[in-house]
file final.cif (mmCIF, C-alpha atoms)
data_my_file
#
loop_
_atom_site.group_PDB
_atom_site.id
_atom_site.type_symbol
_atom_site.label_atom_id
_atom_site.label_comp_id
_atom_site.auth_asym_id
_atom_site.auth_seq_id
_atom_site.Cartn_x
_atom_site.Cartn_y
_atom_site.Cartn_z
ATOM 1 C CA ASP Q 17 103.993 4.908 173.231
ATOM 2 C CA LEU Q 18 106.653 5.151 175.916
ATOM 3 C CA ILE Q 19 104.180 5.966 178.692
ATOM 4 C CA ASN Q 20 102.333 2.719 177.892
ATOM 5 C CA GLU Q 21 105.653 0.869 178.195
ATOM 6 C CA LEU Q 22 106.185 2.511 181.587
ATOM 7 C CA LEU Q 23 102.745 1.548 182.884
ATOM 8 C CA ARG Q 24 103.023 -2.028 181.599
ATOM 9 C CA SER Q 25 106.328 -2.558 183.411
ATOM 10 C CA MET Q 26 105.108 -1.164 186.733
ATOM 11 C CA ARG Q 27 104.646 -3.659 189.547
ATOM 12 C CA LEU Q 28 103.705 -3.458 193.222
ATOM 13 C CA LYS Q 29 105.081 -6.202 195.438
ATOM 14 C CA GLY Q 30 105.188 -6.892 199.148
ATOM 15 C CA VAL Q 31 101.934 -4.969 199.489
ATOM 16 C CA GLU Q 32 100.451 -4.538 202.965
ATOM 17 C CA TYR Q 33 96.979 -3.014 203.278
ATOM 18 C CA ARG Q 34 95.300 -1.590 206.356
ATOM 19 C CA ARG Q 35 91.750 -0.430 206.814
ATOM 20 C CA ILE Q 36 92.158 2.112 209.602
ATOM 21 C CA GLN Q 37 89.170 3.441 211.512
ATOM 22 C CA THR Q 38 89.414 6.110 214.180
ATOM 23 C CA GLY Q 39 87.463 8.078 216.743
ATOM 24 C CA PRO Q 40 87.393 11.892 216.941
ATOM 25 C CA ALA Q 41 91.023 12.120 218.136
ATOM 26 C CA PHE Q 42 93.837 10.026 216.657
ATOM 27 C CA GLY Q 43 97.542 10.105 215.855
ATOM 28 C CA ILE Q 44 99.230 7.432 213.723
ATOM 29 C CA GLY Q 45 102.912 7.366 212.805
ATOM 30 C CA PHE Q 46 104.522 5.625 209.816
ATOM 31 C CA ALA Q 47 108.269 4.953 209.829
ATOM 32 C CA ALA Q 48 110.524 5.661 206.851
ATOM 33 C CA LYS Q 49 110.754 2.690 204.453
ATOM 34 C CA PRO Q 50 113.343 3.339 201.720
ATOM 35 C CA GLY Q 51 112.560 1.498 198.489
ATOM 36 C CA HIS Q 52 108.862 1.485 199.307
ATOM 37 C CA ALA Q 53 105.885 3.717 198.629
ATOM 38 C CA TYR Q 54 103.025 4.683 200.933
ATOM 39 C CA PHE Q 55 99.461 5.215 199.790
ATOM 40 C CA HIS Q 56 96.610 6.586 201.924
ATOM 41 C CA PHE Q 57 93.009 7.178 200.848
ATOM 42 C CA VAL Q 58 90.569 9.008 203.135
ATOM 43 C CA ALA Q 59 87.238 7.281 202.560
ATOM 44 C CA VAL Q 60 85.324 8.931 205.430
ATOM 45 C CA GLY Q 61 86.035 11.992 207.565
ATOM 46 C CA THR Q 62 89.154 14.172 207.684
ATOM 47 C CA ALA Q 63 92.807 13.938 208.659
ATOM 48 C CA VAL Q 64 95.993 15.993 208.768
ATOM 49 C CA LEU Q 65 99.202 14.583 207.304
ATOM 50 C CA ARG Q 66 102.463 15.781 208.857
ATOM 51 C CA ALA Q 67 105.386 15.152 206.493
ATOM 52 C CA GLU Q 68 108.938 14.398 207.599
ATOM 53 C CA ASP Q 69 109.907 18.064 207.164
ATOM 54 C CA GLY Q 70 107.030 19.199 209.402
ATOM 55 C CA ALA Q 71 104.778 20.434 206.592
ATOM 56 C CA LEU Q 72 101.048 19.899 207.217
ATOM 57 C CA TYR Q 73 98.457 18.807 204.641
ATOM 58 C CA GLU Q 74 94.731 18.795 205.343
ATOM 59 C CA LEU Q 75 92.888 15.801 203.923
ATOM 60 C CA SER Q 76 89.171 15.254 203.459
ATOM 61 C CA ALA Q 77 87.063 12.402 202.107
ATOM 62 C CA GLY Q 78 88.090 11.663 198.530
ATOM 63 C CA ASN Q 79 91.687 12.831 199.015
ATOM 64 C CA ALA Q 80 94.613 10.457 198.669
ATOM 65 C CA ILE Q 81 98.336 10.720 199.323
ATOM 66 C CA PHE Q 82 101.023 8.862 197.345
ATOM 67 C CA MET Q 83 104.552 8.918 198.806
ATOM 68 C CA ALA Q 84 106.882 7.358 196.240
ATOM 69 C CA GLN Q 85 110.016 7.607 198.408
ATOM 70 C CA GLY Q 86 108.558 5.950 201.553
ATOM 71 C CA GLU Q 87 109.363 8.897 203.839
ATOM 72 C CA ALA Q 88 108.331 8.969 207.514
ATOM 73 C CA HIS Q 89 105.045 10.776 208.225
ATOM 74 C CA GLN Q 90 102.042 10.961 210.523
ATOM 75 C CA LEU Q 91 98.256 10.953 210.082
ATOM 76 C CA LEU Q 92 96.531 13.033 212.762
ATOM 77 C CA SER Q 93 93.103 14.323 213.715
ATOM 78 C CA SER Q 94 94.781 17.675 214.465
ATOM 79 C CA PRO Q 95 98.423 18.861 214.610
ATOM 80 C CA ASP Q 96 98.538 18.908 218.432
ATOM 81 C CA VAL Q 97 97.671 15.198 218.848
ATOM 82 C CA PRO Q 98 100.675 12.916 219.593
ATOM 83 C CA ALA Q 99 101.305 10.060 217.181
ATOM 84 C CA GLN Q 100 101.645 6.367 217.968
ATOM 85 C CA ASP Q 101 103.450 4.022 215.571
ATOM 86 C CA ILE Q 102 101.065 2.091 213.352
ATOM 87 C CA GLY Q 103 102.694 -1.184 214.362
ATOM 88 C CA SER Q 104 101.704 -0.696 218.007
ATOM 89 C CA PHE Q 105 97.960 -0.879 217.295
ATOM 90 C CA ASP Q 106 96.102 -4.186 217.430
ATOM 91 C CA ALA Q 107 95.432 -5.476 213.943
ATOM 92 C CA VAL Q 108 92.761 -7.981 212.928
ATOM 93 C CA PRO Q 109 93.716 -9.999 209.824
ATOM 94 C CA LEU Q 110 91.211 -9.810 206.971
ATOM 95 C CA GLY Q 111 93.354 -11.878 204.604
ATOM 96 C CA ASP Q 112 96.974 -12.602 203.772
ATOM 97 C CA THR Q 113 97.827 -8.976 202.990
ATOM 98 C CA VAL Q 114 94.963 -6.995 204.564
ATOM 99 C CA CYS Q 115 94.208 -6.160 208.181
ATOM 100 C CA ALA Q 116 91.807 -3.915 210.095
ATOM 101 C CA VAL Q 117 93.158 -1.391 212.616
ATOM 102 C CA ASP Q 118 91.081 0.509 215.165
ATOM 103 C CA ALA Q 119 93.191 3.527 216.142
ATOM 104 C CA SER Q 120 90.749 4.614 218.900
ATOM 105 C CA PRO Q 121 89.360 1.388 220.390
ATOM 106 C CA GLY Q 122 86.301 1.784 222.595
ATOM 107 C CA ALA Q 123 86.120 5.546 222.079
ATOM 108 C CA HIS Q 124 83.320 5.669 219.544
ATOM 109 C CA LEU Q 125 80.166 3.950 218.388
ATOM 110 C CA SER Q 126 80.875 4.549 214.706
ATOM 111 C CA PRO Q 127 84.190 5.603 213.113
ATOM 112 C CA ASP Q 128 84.756 9.320 212.578
ATOM 113 C CA THR Q 129 87.450 8.688 209.956
ATOM 114 C CA ILE Q 130 88.194 5.667 207.747
ATOM 115 C CA ILE Q 131 91.518 5.507 205.897
ATOM 116 C CA PHE Q 132 92.540 2.826 203.437
ATOM 117 C CA SER Q 133 96.317 2.550 203.660
ATOM 118 C CA GLY Q 134 98.949 0.625 201.750
ATOM 119 C CA CYS Q 135 102.706 0.150 201.876
ATOM 120 C CA MET Q 136 104.447 -1.536 198.980
ATOM 121 C CA GLU Q 137 107.668 -1.951 197.046
ATOM 122 C CA PHE Q 138 107.241 0.295 194.018
ATOM 123 C CA GLU Q 139 108.833 -1.426 190.994
ATOM 124 C CA LEU Q 140 108.972 0.379 187.643
ATOM 125 C CA GLY Q 141 110.884 -2.342 185.813
ATOM 126 C CA SER Q 142 112.914 -0.993 182.919
ATOM 127 C CA MET Q 143 111.848 2.557 183.863
ATOM 128 C CA GLN Q 144 113.060 2.330 187.475
ATOM 129 C CA GLY Q 145 115.042 5.543 187.058
ATOM 130 C CA LEU Q 146 111.759 7.417 186.941
ATOM 131 C CA GLY Q 147 111.012 6.567 190.582
ATOM 132 C CA GLY Q 148 113.818 8.709 191.917
ATOM 133 C CA LEU Q 149 112.468 11.723 189.998
ATOM 134 C CA MET Q 150 108.974 11.499 191.443
ATOM 135 C CA PRO Q 151 108.121 13.935 194.244
ATOM 136 C CA GLY Q 152 108.247 12.545 197.759
ATOM 137 C CA LEU Q 153 104.597 13.425 198.345
ATOM 138 C CA MET Q 154 101.711 13.759 195.911
ATOM 139 C CA LEU Q 155 98.334 15.005 197.164
ATOM 140 C CA ILE Q 156 95.573 13.585 194.994
ATOM 141 C CA ASP Q 157 91.980 14.709 194.728
ATOM 142 C CA ALA Q 158 90.306 11.542 193.463
ATOM 143 C CA ARG Q 159 87.306 13.599 192.385
ATOM 144 C CA GLY Q 160 89.446 16.025 190.363
ATOM 145 C CA GLN Q 161 89.866 16.198 186.598
ATOM 146 C CA ARG Q 162 93.479 14.990 186.614
ATOM 147 C CA TYR Q 163 92.411 11.502 187.792
ATOM 148 C CA PRO Q 164 89.085 10.722 186.063
ATOM 149 C CA GLY Q 165 87.797 7.305 187.047
ATOM 150 C CA LEU Q 166 89.967 7.011 190.159
ATOM 151 C CA MET Q 167 87.168 7.492 192.681
ATOM 152 C CA PRO Q 168 85.156 4.403 191.563
ATOM 153 C CA ILE Q 169 88.291 2.254 191.821
ATOM 154 C CA LEU Q 170 89.064 3.479 195.342
ATOM 155 C CA ALA Q 171 85.431 2.897 196.300
ATOM 156 C CA SER Q 172 85.732 -0.650 194.920
ATOM 157 C CA MET Q 173 88.813 -1.228 197.093
ATOM 158 C CA GLU Q 174 86.871 -0.084 200.152
ATOM 159 C CA ARG Q 175 83.961 -2.423 199.289
ATOM 160 C CA GLU Q 176 86.337 -5.359 198.871
ATOM 161 C CA VAL Q 177 87.846 -4.714 202.307
ATOM 162 C CA ARG Q 178 84.392 -4.411 203.901
ATOM 163 C CA SER Q 179 82.931 -7.538 202.307
ATOM 164 C CA ALA Q 180 85.964 -9.858 202.578
ATOM 165 C CA ARG Q 181 84.509 -12.043 199.814
ATOM 166 C CA VAL Q 182 86.396 -15.006 198.390
ATOM 167 C CA GLY Q 183 89.488 -13.814 196.515
ATOM 168 C CA PHE Q 184 89.240 -10.221 197.737
ATOM 169 C CA ALA Q 185 92.981 -9.957 198.517
ATOM 170 C CA GLY Q 186 93.898 -10.790 194.914
ATOM 171 C CA ILE Q 187 91.359 -8.293 193.581
ATOM 172 C CA LEU Q 188 92.763 -5.620 195.911
ATOM 173 C CA ALA Q 189 96.268 -6.210 194.559
ATOM 174 C CA HIS Q 190 95.096 -5.724 190.964
ATOM 175 C CA LEU Q 191 93.105 -2.617 191.863
ATOM 176 C CA ALA Q 192 96.151 -1.171 193.625
ATOM 177 C CA ASP Q 193 98.186 -1.664 190.421
ATOM 178 C CA VAL Q 194 95.562 0.327 188.507
ATOM 179 C CA VAL Q 195 95.480 3.124 191.115
ATOM 180 C CA ALA Q 196 99.278 3.462 191.083
ATOM 181 C CA ALA Q 197 99.313 3.477 187.263
ATOM 182 C CA MET Q 198 96.692 6.252 187.136
ATOM 183 C CA ILE Q 199 98.651 8.353 189.643
ATOM 184 C CA VAL Q 200 101.908 7.985 187.689
ATOM 185 C CA ARG Q 201 100.140 8.743 184.397
ATOM 186 C CA GLY Q 202 98.538 11.866 185.871
ATOM 187 C CA TRP Q 203 101.946 13.062 187.055
ATOM 188 C CA VAL Q 204 103.569 12.491 183.650
ATOM 189 C CA GLU Q 205 100.696 14.177 181.801
ATOM 190 C CA CYS Q 206 101.020 17.262 184.007
ATOM 191 C CA ALA Q 207 104.649 17.848 182.986
ATOM 192 C CA CYS Q 208 106.023 15.614 185.770
ATOM 193 C CA GLY Q 209 106.320 18.521 188.152
ATOM 194 C CA ASN Q 210 108.758 20.159 185.703
ATOM 195 C CA ALA Q 211 111.311 17.425 186.480
ATOM 196 C CA SER Q 212 114.227 16.893 184.133
ATOM 197 C CA GLY Q 213 115.901 13.800 182.747
ATOM 198 C CA LEU Q 214 113.951 10.711 181.862
ATOM 199 C CA VAL Q 215 110.548 12.292 182.483
ATOM 200 C CA ALA Q 216 111.424 15.110 180.066
ATOM 201 C CA ALA Q 217 112.343 12.498 177.453
ATOM 202 C CA LEU Q 218 108.935 10.855 177.924
ATOM 203 C CA ARG Q 219 107.373 14.049 176.627
ATOM 204 C CA ASP Q 220 109.934 14.823 173.899
ATOM 205 C CA PRO Q 221 108.938 13.204 170.573
ATOM 206 C CA ARG Q 222 112.509 13.719 169.339
ATOM 207 C CA LEU Q 223 113.739 11.246 171.979
ATOM 208 C CA ALA Q 224 110.684 9.181 172.819
ATOM 209 C CA ARG Q 225 110.851 7.105 169.614
ATOM 210 C CA ALA Q 226 114.420 6.022 170.339
ATOM 211 C CA LEU Q 227 113.576 5.222 173.965
ATOM 212 C CA LEU Q 228 110.549 3.231 172.860
ATOM 213 C CA ALA Q 229 112.724 1.215 170.450
ATOM 214 C CA LEU Q 230 115.215 0.512 173.253
ATOM 215 C CA HIS Q 231 112.493 -0.648 175.640
ATOM 216 C CA ARG Q 232 110.752 -2.794 173.028
ATOM 217 C CA GLU Q 233 113.936 -4.533 171.873
ATOM 218 C CA PRO Q 234 116.449 -4.323 174.728
ATOM 219 C CA ALA Q 235 118.336 -7.393 173.473
ATOM 220 C CA HIS Q 236 119.136 -5.742 170.129
ATOM 221 C CA ASP Q 237 122.734 -4.552 169.790
ATOM 222 C CA TRP Q 238 121.802 -0.941 169.175
ATOM 223 C CA THR Q 239 124.182 1.605 167.712
ATOM 224 C CA VAL Q 240 123.904 5.369 168.133
ATOM 225 C CA ALA Q 241 123.258 5.686 164.394
ATOM 226 C CA GLU Q 242 120.322 3.249 164.549
ATOM 227 C CA LEU Q 243 118.782 5.093 167.491
ATOM 228 C CA ALA Q 244 119.286 8.451 165.766
ATOM 229 C CA ALA Q 245 117.486 7.080 162.705
ATOM 230 C CA GLN Q 246 114.467 6.284 164.896
ATOM 231 C CA CYS Q 247 114.211 10.024 165.598
ATOM 232 C CA ASN Q 248 115.095 11.179 162.071
ATOM 233 C CA ALA Q 249 118.107 13.016 163.481
ATOM 234 C CA SER Q 250 121.815 12.997 162.770
ATOM 235 C CA ARG Q 251 124.023 10.837 164.980
ATOM 236 C CA SER Q 252 125.739 13.815 166.614
ATOM 237 C CA VAL Q 253 122.560 15.836 167.212
ATOM 238 C CA PHE Q 254 120.762 12.828 168.679
ATOM 239 C CA ALA Q 255 123.648 11.837 170.977
ATOM 240 C CA GLU Q 256 124.019 15.407 172.258
ATOM 241 C CA ARG Q 257 120.282 15.800 172.892
ATOM 242 C CA PHE Q 258 120.025 12.388 174.582
ATOM 243 C CA GLN Q 259 122.876 13.079 177.007
ATOM 244 C CA ALA Q 260 121.707 16.625 177.735
ATOM 245 C CA THR Q 261 118.174 15.428 178.551
ATOM 246 C CA ILE Q 262 118.698 12.086 180.280
ATOM 247 C CA GLY Q 263 122.178 12.607 181.684
ATOM 248 C CA VAL Q 264 123.911 9.532 180.226
ATOM 249 C CA PRO Q 265 125.028 8.566 176.675
ATOM 250 C CA PRO Q 266 122.591 6.434 174.633
ATOM 251 C CA LEU Q 267 124.600 3.201 174.746
ATOM 252 C CA ARG Q 268 125.201 3.476 178.483
ATOM 253 C CA TYR Q 269 121.460 3.898 178.942
ATOM 254 C CA ALA Q 270 120.915 0.752 176.827
ATOM 255 C CA THR Q 271 123.337 -1.225 179.017
ATOM 256 C CA GLU Q 272 121.711 -0.026 182.249
ATOM 257 C CA LEU Q 273 118.292 -0.879 180.817
ATOM 258 C CA ARG Q 274 119.370 -4.475 180.165
ATOM 259 C CA MET Q 275 120.745 -4.738 183.716
ATOM 260 C CA ARG Q 276 117.485 -3.458 185.233
ATOM 261 C CA LEU Q 277 115.441 -5.885 183.131
ATOM 262 C CA ALA Q 278 117.688 -8.786 184.106
ATOM 263 C CA SER Q 279 117.280 -7.876 187.765
ATOM 264 C CA GLN Q 280 113.501 -7.730 187.368
ATOM 265 C CA TRP Q 281 113.340 -11.099 185.589
ATOM 266 C CA LEU Q 282 115.442 -12.748 188.297
ATOM 267 C CA SER Q 283 113.603 -11.228 191.259
ATOM 268 C CA LEU Q 284 110.002 -11.042 190.012
ATOM 269 C CA GLU Q 285 109.653 -13.506 187.157
ATOM 270 C CA ARG Q 286 112.096 -16.019 188.701
ATOM 271 C CA VAL Q 287 113.738 -16.698 185.379
ATOM 272 C CA PRO Q 288 116.651 -19.140 185.915
ATOM 273 C CA ILE Q 289 120.208 -18.176 184.962
ATOM 274 C CA GLU Q 290 121.324 -20.362 182.049
#
call {"tool": "encode", "arguments": {"input": "final.cif", "output": "structure tokens"}}
result
Amino acid sequence: DLINELLRSMRLKGVEYRRIQTGPAFGIGFAAKPGHAYFHFVAVGTAVLRAEDGALYELSAGNAIFMAQGEAHQLLSSPDVPAQDIGSFDAVPLGDTVCAVDASPGAHLSPDTIIFSGCMEFELGSMQGLGGLMPGLMLIDARGQRYPGLMPILASMEREVRSARVGFAGILAHLADVVAAMIVRGWVECACGNASGLVAALRDPRLARALLALHREPAHDWTVAELAAQCNASRSVFAERFQATIGVPPLRYATELRMRLASQWLSLERVPIE
């Protein structure tokens, strides 16, 4: 189905991981990174996240935060603790894309809080338009029913960072792809936060078949009549419903899809221009 197409096209690139350990008091700031996503998983202890608008979110072990728009934010032991930019802390490399950060050096015998953190370019391939519709901040309870199976994967990521076995950076990258896919799937399954547009079409069987045909055969010279036939609808009814839901006419969507795929092939797959 179309959600499978979405998850298959999703890629994370330019991923940077940090295993952050802290003492009882800490404040860590993360700058805005447009075009990127932030991911934080609290493995041990507690933390408070202060969003860019000042809103506060209490986090405990097993909670995760996914920030699809890369907005500025802070992770704190309590709201009154000042934050220091994450880049100002000493970092010990654990691999090409993973480092260890001690946010309270010398202040503790054992860490009070351990956070597994990632920053990455969030690429949805042919479904890139979905990224702009995702909420800026998603609070995830890895033990909750919406994300069954997520906790063991996050625990596996933590074990890989701790052990630093041969090939652990590559395994971390694949696990991060799975975590991101599960988060996006959970959001879509829960009505996408009542968002409109493309996410509504994902859940509308009257449009999903046409979108699936477009994404499976983007090189085909589709006509509105052919796409309407995929949905067993008249040409006029289909075209009206498509534009009302997604915001662009069907053939314009097809053209933009081809452009996004071409961009992905050139930048990620390194397909030569011939």
call {"tool": "residues_near_point", "arguments": {"input": "final.cif", "point": "(99.7, 9.1, 197.9)", "cutoff": "9 Å", "atoms": "all atoms listed in the file", "output": "NGL selection string"}}
result
:Q and (53-57 or 79-84 or 153-156 or 196 or 199)
call {"tool": "closest_residue", "arguments": {"input": "final.cif", "among": "Q:Ile130, Q:Val60, Q:Ala235, Q:Leu188", "to": "Ala278 of chain Q", "atoms": "only C-alpha atoms"}}
result
Q:Ala235
call {"tool": "resolve_selection", "arguments": {"input": "final.cif", "expression": "the PyMOL selection byres ((chain Q and resi 107) around 9)", "output": "ChimeraX atom specification"}}
result
/Q:34,103-106,108-109,115-118
call {"tool": "residues_around", "arguments": {"input": "final.cif", "residues": "Ala245 of chain Q", "least_positions_apart": "4", "cutoff": "12 Å", "atoms": "all atoms listed in the file", "output": "list of chain:residue names"}}
result
Q:Arg222, Q:Leu223, Q:Arg225, Q:Ala226, Q:Ala229, Q:Trp238, Q:Thr239, Q:Val240, Q:Ala241, Q:Ala249, Q:Ser250, Q:Arg251, Q:Ser252, Q:Val253, Q:Phe254, Q:Ala255
call {"tool": "atom_distance", "arguments": {"input": "final.cif", "atom1": "atom CA of Gly202 of chain Q", "atom2": "atom CA of Ile44 of chain Q"}}
result
28.2 Å
call {"tool": "closest_residue", "arguments": {"input": "final.cif", "among": "Q:Tyr269, Q:Trp203, Q:Phe42, Q:Phe138", "to": "Thr62 of chain Q", "atoms": "all atoms listed in the file"}}
result
Q:Phe42
call {"tool": "atom_distance", "arguments": {"input": "final.cif", "atom1": "atom CA of Glu87 of chain Q", "atom2": "atom CA of Pro50 of chain Q"}}
result
7.2 Å
call {"tool": "residues_around", "arguments": {"input": "final.cif", "residues": "Thr271 of chain Q", "least_positions_apart": "3", "cutoff": "12 Å", "atoms": "only C-alpha atoms", "output": "list in words"}}
result
Ser142, Leu230, His231, Pro234, Ala235, His236, Asp237, Trp238, Thr239, Val264, Pro265, Pro266, Leu267, Arg268, Arg274, Met275, Arg276, Leu277 and Ala278 of chain Q
call {"tool": "closest_residue", "arguments": {"input": "final.cif", "among": "Q:Thr261, Q:Ser76, Q:Gln85, Q:Gln246", "to": "Pro151 of chain Q", "atoms": "all atoms listed in the file"}}
result
Q:Gln85
call {"tool": "residues_around", "arguments": {"input": "final.cif", "residues": "Asp112 of chain Q", "least_positions_apart": "5", "cutoff": "10 Å", "atoms": "all atoms listed in the file", "output": "list of chain:residue names"}}
result
Q:Glu32, Q:Tyr33, Q:Ala185, Q:Gly186
call {"tool": "closest_residue", "arguments": {"input": "final.cif", "among": "Q:Leu75, Q:Leu228, Q:Met136, Q:Val182", "to": "Leu110 of chain Q", "atoms": "all atoms listed in the file"}}
result
Q:Val182
call {"tool": "resolve_selection", "arguments": {"input": "final.cif", "expression": "the PyMOL selection byres ((chain Q and resi 38-40) around 12)", "output": "short mmCIF file (atom, residue, chain, number, x, y, z; two decimals) with C-alpha atoms, in the coordinates of the input"}}
result
data_model
loop_
_atom_site.label_atom_id
_atom_site.label_comp_id
_atom_site.auth_asym_id
_atom_site.auth_seq_id
_atom_site.Cartn_x
_atom_site.Cartn_y
_atom_site.Cartn_z
CA ARG Q 35 91.75 -0.43 206.81
CA ILE Q 36 92.16 2.11 209.60
CA GLN Q 37 89.17 3.44 211.51
CA ALA Q 41 91.02 12.12 218.14
CA PHE Q 42 93.84 10.03 216.66
CA GLY Q 43 97.54 10.10 215.86
CA ILE Q 44 99.23 7.43 213.72
CA VAL Q 58 90.57 9.01 203.14
CA ALA Q 59 87.24 7.28 202.56
CA VAL Q 60 85.32 8.93 205.43
CA GLY Q 61 86.04 11.99 207.56
CA THR Q 62 89.15 14.17 207.68
CA ALA Q 63 92.81 13.94 208.66
CA LEU Q 91 98.26 10.95 210.08
CA LEU Q 92 96.53 13.03 212.76
CA SER Q 93 93.10 14.32 213.72
CA SER Q 94 94.78 17.68 214.46
CA VAL Q 97 97.67 15.20 218.85
CA PHE Q 105 97.96 -0.88 217.30
CA ALA Q 116 91.81 -3.92 210.10
CA VAL Q 117 93.16 -1.39 212.62
CA ASP Q 118 91.08 0.51 215.16
CA ALA Q 119 93.19 3.53 216.14
CA SER Q 120 90.75 4.61 218.90
CA PRO Q 121 89.36 1.39 220.39
CA GLY Q 122 86.30 1.78 222.60
CA ALA Q 123 86.12 5.55 222.08
CA HIS Q 124 83.32 5.67 219.54
CA LEU Q 125 80.17 3.95 218.39
CA SER Q 126 80.88 4.55 214.71
CA PRO Q 127 84.19 5.60 213.11
CA ASP Q 128 84.76 9.32 212.58
CA THR Q 129 87.45 8.69 209.96
CA ILE Q 130 88.19 5.67 207.75
CA ILE Q 131 91.52 5.51 205.90
CA PHE Q 132 92.54 2.83 203.44
#
call {"tool": "closest_residue", "arguments": {"input": "final.cif", "among": "Q:Val64, Q:Cys135, Q:Met150, Q:Ala270", "to": "Leu243 of chain Q", "atoms": "all atoms listed in the file"}}
result
Q:Ala270
call {"tool": "residues_near_point", "arguments": {"input": "final.cif", "point": "(96.5, 0.7, 193.0)", "cutoff": "10 Å", "atoms": "all atoms listed in the file", "output": "ChimeraX atom specification"}}
result
/Q:27-28,55,134,166,169-170,173,188-199
call {"tool": "closest_residue", "arguments": {"input": "final.cif", "among": "Q:Ala224, Q:Arg201, Q:Asn248, Q:Glu272", "to": "Pro164 of chain Q", "atoms": "all atoms listed in the file"}}
result
Q:Arg201
call {"tool": "atom_distance", "arguments": {"input": "final.cif", "atom1": "atom CA of Ala48 of chain Q", "atom2": "atom CA of Val200 of chain Q"}}
result
21.1 Å
call {"tool": "residues_around", "arguments": {"input": "final.cif", "residues": "Phe46 of chain Q", "least_positions_apart": "5", "cutoff": "7 Å", "atoms": "all atoms listed in the file", "output": "ChimeraX atom specification"}}
result
/Q:88-90,101-102
call {"tool": "build_atoms", "arguments": {"input": "final.cif", "residues": "segment 106-110 of chain Q", "atoms": "all heavy atoms", "output": "PDB file, keeping the file's coordinate frame"}}
result
ATOM      1  N   ASP Q 106      96.585  -2.832 217.699  1.00  0.00           N
ATOM      2  CA  ASP Q 106      96.102  -4.186 217.430  1.00  0.00           C
ATOM      3  C   ASP Q 106      95.547  -4.243 216.011  1.00  0.00           C
ATOM      4  O   ASP Q 106      94.836  -3.326 215.573  1.00  0.00           O
ATOM      5  CB  ASP Q 106      95.014  -4.577 218.425  1.00  0.00           C
ATOM      6  CG  ASP Q 106      95.556  -4.776 219.835  1.00  0.00           C
ATOM      7  OD1 ASP Q 106      96.763  -5.070 219.960  1.00  0.00           O
ATOM      8  OD2 ASP Q 106      94.779  -4.603 220.798  1.00  0.00           O
ATOM      9  N   ALA Q 107      95.881  -5.302 215.318  1.00  0.00           N
ATOM     10  CA  ALA Q 107      95.432  -5.476 213.943  1.00  0.00           C
ATOM     11  C   ALA Q 107      94.705  -6.805 213.803  1.00  0.00           C
ATOM     12  O   ALA Q 107      95.188  -7.847 214.282  1.00  0.00           O
ATOM     13  CB  ALA Q 107      96.610  -5.414 212.980  1.00  0.00           C
ATOM     14  N   VAL Q 108      93.552  -6.773 213.159  1.00  0.00           N
ATOM     15  CA  VAL Q 108      92.761  -7.981 212.928  1.00  0.00           C
ATOM     16  C   VAL Q 108      92.938  -8.401 211.478  1.00  0.00           C
ATOM     17  O   VAL Q 108      92.580  -7.641 210.562  1.00  0.00           O
ATOM     18  CB  VAL Q 108      91.272  -7.730 213.219  1.00  0.00           C
ATOM     19  CG1 VAL Q 108      90.456  -8.987 212.929  1.00  0.00           C
ATOM     20  CG2 VAL Q 108      91.082  -7.278 214.658  1.00  0.00           C
ATOM     21  N   PRO Q 109      93.511  -9.573 211.219  1.00  0.00           N
ATOM     22  CA  PRO Q 109      93.716  -9.999 209.824  1.00  0.00           C
ATOM     23  C   PRO Q 109      92.395 -10.155 209.085  1.00  0.00           C
ATOM     24  O   PRO Q 109      91.426 -10.716 209.606  1.00  0.00           O
ATOM     25  CB  PRO Q 109      94.434 -11.343 209.966  1.00  0.00           C
ATOM     26  CG  PRO Q 109      95.003 -11.346 211.353  1.00  0.00           C
ATOM     27  CD  PRO Q 109      94.047 -10.556 212.179  1.00  0.00           C
ATOM     28  N   LEU Q 110      92.358  -9.630 207.860  1.00  0.00           N
ATOM     29  CA  LEU Q 110      91.211  -9.810 206.971  1.00  0.00           C
ATOM     30  C   LEU Q 110      91.592 -10.672 205.762  1.00  0.00           C
ATOM     31  O   LEU Q 110      90.773 -10.903 204.893  1.00  0.00           O
ATOM     32  CB  LEU Q 110      90.689  -8.453 206.484  1.00  0.00           C
ATOM     33  CG  LEU Q 110      90.199  -7.479 207.551  1.00  0.00           C
ATOM     34  CD1 LEU Q 110      89.810  -6.147 206.924  1.00  0.00           C
ATOM     35  CD2 LEU Q 110      89.025  -8.071 208.313  1.00  0.00           C
TER      36      LEU Q 110
END
